[in-house]
Structure formats: C-alpha cells, structure tokens
file query.cif (mmCIF, C-alpha atoms)
data_input
#
loop_
_atom_site.group_PDB
_atom_site.id
_atom_site.type_symbol
_atom_site.label_atom_id
_atom_site.label_comp_id
_atom_site.auth_asym_id
_atom_site.auth_seq_id
_atom_site.Cartn_x
_atom_site.Cartn_y
_atom_site.Cartn_z
ATOM 1 C CA MET A 1 0.000 0.000 0.000
ATOM 2 C CA ARG A 2 1.312 3.411 -0.961
ATOM 3 C CA LEU A 3 2.120 5.490 2.132
ATOM 4 C CA THR A 4 3.424 8.696 0.528
ATOM 5 C CA TYR A 5 1.554 11.166 -1.659
ATOM 6 C CA THR A 6 2.797 14.179 -3.598
ATOM 7 C CA ASP A 7 1.548 17.669 -2.826
ATOM 8 C CA ALA A 8 -0.279 17.534 -6.171
ATOM 9 C CA ASP A 9 -2.096 14.300 -5.133
ATOM 10 C CA ILE A 10 -3.124 15.825 -1.810
ATOM 11 C CA THR A 11 -4.245 19.116 -3.348
ATOM 12 C CA ALA A 12 -6.254 17.342 -6.076
ATOM 13 C CA LYS A 13 -8.030 15.212 -3.460
ATOM 14 C CA ALA A 14 -8.769 18.294 -1.331
ATOM 15 C CA VAL A 15 -10.364 19.950 -4.374
ATOM 16 C CA GLN A 16 -12.346 16.763 -5.098
ATOM 17 C CA LEU A 17 -13.570 16.709 -1.486
ATOM 18 C CA GLY A 18 -14.615 20.356 -1.748
ATOM 19 C CA LEU A 19 -12.259 21.491 1.013
ATOM 20 C CA ILE A 20 -10.592 24.066 -1.225
ATOM 21 C CA ASP A 21 -11.102 25.540 -4.688
ATOM 22 C CA LYS A 22 -8.671 24.749 -7.493
ATOM 23 C CA GLY A 23 -5.550 26.927 -7.189
ATOM 24 C CA GLU A 24 -6.024 27.624 -3.469
ATOM 25 C CA PRO A 25 -3.411 26.466 -0.951
ATOM 26 C CA LEU A 26 -4.444 23.665 1.399
ATOM 27 C CA PRO A 27 -4.434 24.714 5.076
ATOM 28 C CA ARG A 28 -2.001 22.583 7.091
ATOM 29 C CA ASP A 29 -4.728 21.557 9.560
ATOM 30 C CA LEU A 30 -6.668 19.843 6.729
ATOM 31 C CA ARG A 31 -3.697 18.006 5.209
ATOM 32 C CA GLY A 32 -3.978 14.984 7.559
ATOM 33 C CA LYS A 33 -7.692 14.589 6.796
ATOM 34 C CA VAL A 34 -6.999 14.595 3.065
ATOM 35 C CA VAL A 35 -4.208 12.016 3.395
ATOM 36 C CA ALA A 36 -6.553 9.855 5.513
ATOM 37 C CA ALA A 37 -9.151 10.070 2.734
ATOM 38 C CA LEU A 38 -6.537 9.018 0.150
ATOM 39 C CA LEU A 39 -5.495 6.054 2.314
ATOM 40 C CA GLN A 40 -9.110 5.006 2.857
ATOM 41 C CA GLU A 41 -9.801 5.210 -0.874
ATOM 42 C CA GLN A 42 -6.699 3.148 -1.619
ATOM 43 C CA ALA A 43 -7.654 0.516 0.980
ATOM 44 C CA ALA A 44 -11.154 0.235 -0.497
ATOM 45 C CA HIS A 45 -9.692 -0.420 -3.947
ATOM 46 C CA ALA A 46 -7.266 -3.000 -2.531
ATOM 47 C CA ASP A 47 -10.083 -4.814 -0.686
ATOM 48 C CA ALA A 48 -12.188 -4.944 -3.850
ATOM 49 C CA ALA A 49 -9.329 -6.579 -5.743
ATOM 50 C CA VAL A 50 -9.092 -9.540 -3.338
ATOM 51 C CA GLU A 51 -10.965 -12.553 -4.635
ATOM 52 C CA PRO A 52 -12.748 -14.635 -1.988
ATOM 53 C CA GLN A 53 -11.359 -18.151 -1.591
ATOM 54 C CA LEU A 54 -12.862 -21.429 -0.489
ATOM 55 C CA ALA A 55 -10.750 -22.944 2.302
ATOM 56 C CA LYS A 56 -9.449 -26.403 1.424
ATOM 57 C CA GLU A 57 -9.184 -27.436 5.077
ATOM 58 C CA ILE A 58 -10.013 -25.928 8.481
ATOM 59 C CA VAL A 59 -8.439 -27.500 11.566
ATOM 60 C CA ILE A 60 -9.671 -26.468 15.038
ATOM 61 C CA GLN A 61 -7.316 -27.692 17.747
ATOM 62 C CA PRO A 62 -8.185 -28.241 21.444
ATOM 63 C CA ASN A 63 -5.778 -25.459 22.530
ATOM 64 C CA GLY A 64 -7.779 -22.888 20.537
ATOM 65 C CA VAL A 65 -5.466 -22.696 17.540
ATOM 66 C CA ILE A 66 -7.338 -22.566 14.237
ATOM 67 C CA LEU A 67 -5.539 -23.407 11.009
ATOM 68 C CA ILE A 68 -6.929 -22.431 7.605
ATOM 69 C CA ASP A 69 -5.162 -24.358 4.839
ATOM 70 C CA GLY A 70 -2.265 -24.919 7.245
ATOM 71 C CA GLU A 71 -1.917 -21.210 8.187
ATOM 72 C CA PRO A 72 -2.868 -19.853 11.640
ATOM 73 C CA PHE A 73 -6.122 -17.895 11.655
ATOM 74 C CA PRO A 74 -4.908 -14.338 12.421
ATOM 75 C CA TRP A 75 -7.928 -13.023 14.375
ATOM 76 C CA LEU A 76 -9.120 -13.601 17.914
ATOM 77 C CA VAL A 77 -12.035 -16.004 18.244
ATOM 78 C CA ALA A 78 -14.422 -15.809 21.218
ATOM 79 C CA GLN A 79 -14.607 -18.757 23.593
ATOM 80 C CA GLU A 80 -18.112 -19.616 22.487
ATOM 81 C CA PRO A 81 -19.480 -22.702 20.755
ATOM 82 C CA VAL A 82 -18.335 -23.249 17.185
ATOM 83 C CA ASP A 83 -21.064 -24.399 14.800
ATOM 84 C CA VAL A 84 -19.818 -26.996 12.302
ATOM 85 C CA ARG A 85 -21.999 -28.448 9.567
ATOM 86 C CA LEU A 86 -20.434 -31.282 7.616
ATOM 87 C CA ASP A 87 -21.595 -32.065 4.114
ATOM 88 C CA PRO A 88 -19.666 -35.054 2.746
ATOM 89 C CA ASP A 89 -21.087 -34.440 -0.739
ATOM 90 C CA GLY A 90 -20.456 -30.691 -0.915
ATOM 91 C CA VAL A 91 -19.146 -27.682 0.988
ATOM 92 C CA SER A 92 -19.095 -27.868 4.779
ATOM 93 C CA THR A 93 -19.436 -24.748 6.965
ATOM 94 C CA VAL A 94 -17.856 -23.468 10.178
ATOM 95 C CA ARG A 95 -19.400 -20.586 12.131
ATOM 96 C CA MET A 96 -17.486 -18.901 14.953
ATOM 97 C CA THR A 97 -17.564 -15.582 16.781
ATOM 98 C CA LEU A 98 -14.770 -13.096 16.027
ATOM 99 C CA LEU A 99 -13.711 -10.427 18.519
ATOM 100 C CA ALA A 100 -13.369 -6.840 17.291
ATOM 101 C CA GLY A 101 -12.498 -3.528 18.873
ATOM 102 C CA ALA A 102 -15.023 -1.809 16.599
ATOM 103 C CA VAL A 103 -17.577 -2.842 14.026
ATOM 104 C CA GLN A 104 -18.845 -0.714 11.159
ATOM 105 C CA ILE A 105 -21.781 -1.723 8.986
ATOM 106 C CA ILE A 106 -22.126 0.223 5.750
ATOM 107 C CA LYS A 107 -25.613 0.385 4.327
ATOM 108 C CA PRO A 108 -25.654 -0.355 0.586
ATOM 109 C CA GLU A 109 -26.969 2.256 -1.808
ATOM 110 C CA PRO A 110 -30.615 1.590 -2.678
ATOM 111 C CA ARG A 111 -31.058 0.025 -6.096
ATOM 112 C CA GLU A 112 -33.452 1.689 -8.475
ATOM 113 C CA GLU A 113 -36.241 -0.548 -9.701
ATOM 114 C CA PRO A 114 -36.552 -0.820 -13.494
ATOM 115 C CA ARG A 115 -39.558 1.012 -14.879
#
call {"tool": "encode", "arguments": {"input": "query.cif", "output": "structure tokens"}}
result
Amino acid sequence: MRLTYTDADITAKAVQLGLIDKGEPLPRDLRGKVVAALLQEQAAHADAAVEPQLAKEIVIQPNGVILIDGEPFPWLVAQEPVDVRLDPDGVSTVRMTLLAGAVQIIKPEPREEPR
C-alpha cells in the first residue's frame, strides 16, 4: 500500500472533497484529513481486488489454535461454541464468533427498480 503522496495528489483530493477551490493552498490543519481520505480510498480499492477463496481445510485444535489451509487464523475467536456443519457431498461450513475492537456496517446504496 502506498504510504506517501505528492503535494499535487493531496491538493487534487482536497479539491475533489470540496475542502478548497482549485488553485487555493491547502491549510495545514486539513492536510492529515486529506491524506486519511486518500489512504481510505486506496484501501477500499485493494479490498475490492481480493478474490474470496474457499478454504481447502479448516483444523480447530483443542488449545484454541485454528488453522486455515495450514496457516494460523490471524484473528481472535471468542470462547463460544463453534457451529460446524459437515456435508460429505459438498461444501461444509464453520461458524465462529470473532472479537473486534469496533464494528462498522455500511448500508448499501438503494437500487433503483426498473420502470
């Protein structure tokens, strides 16, 4: 992920956000907000590029370690029951509770009905 931006990148984003008019200098107190907006935009594009994958194998060990395709699951899992549904003829499922410091739910834009 790109962590540096040129003054031109920052100024262009500030104009796009309506913080300044084209040709105006960007106040220093707004610079951090504009860089944060650029980083958020970049992260959104990076997330969209990741293709979801079907796990080949999930291993849940008695000591709480969870392996996904041989790699440790990197997030904390609550000590609550894990729901496992096995389907020998198809895709099985595992449901567990993840711990998070914050949760944000973004409401999708309403779709227009065809007329």
call {"tool": "atom_distance", "arguments": {"input": "query.cif", "atom1": "atom CA of His45 of chain A", "atom2": "atom CA of Gln104 of chain A"}}
result
17.7 Å
call {"tool": "axis_aligned_box", "arguments": {"input": "query.cif", "around": "segment 67-77 of chain A", "padding_each_side": "8 Å", "output": "lines of an AutoDock Vina configuration file"}}
result
center_x = -7.0
center_y = -19.0
center_z = 11.5
size_x = 26.1
size_y = 27.9
size_z = 29.4
call {"tool": "atom_distance", "arguments": {"input": "query.cif", "atom1": "atom CA of Val77 of chain A", "atom2": "atom CA of Val59 of chain A"}}
result
13.8 Å
call {"tool": "residues_near_point", "arguments": {"input": "query.cif", "point": "(4.2, 14.2, -0.5)", "cutoff": "12 Å", "atoms": "all atoms listed in the file", "output": "NGL selection string"}}
result
:A and (2-11 or 31-32 or 34-35 or 38)
call {"tool": "resolve_selection", "arguments": {"input": "query.cif", "expression": "the PyMOL selection byres ((chain A and resi 71) around 12)", "output": "list in words"}}
result
Ala55, Lys56, Glu57, Ile58, Val59, Ile60, Val65, Ile66, Leu67, Ile68, Asp69, Gly70, Pro72, Phe73, Pro74 and Trp75 of chain A
call {"tool": "atom_distance", "arguments": {"input": "query.cif", "atom1": "atom CA of Gly18 of chain A", "atom2": "atom CA of Ile105 of chain A"}}
result
25.6 Å
call {"tool": "residues_around", "arguments": {"input": "query.cif", "residues": "Pro81 of chain A", "least_positions_apart": "3", "cutoff": "12 Å", "atoms": "all atoms listed in the file", "output": "list in words"}}
result
Ile60, Gly64, Val77, Ala78, Val84, Val94, Arg95, Met96, Thr97 and Leu98 of chain A
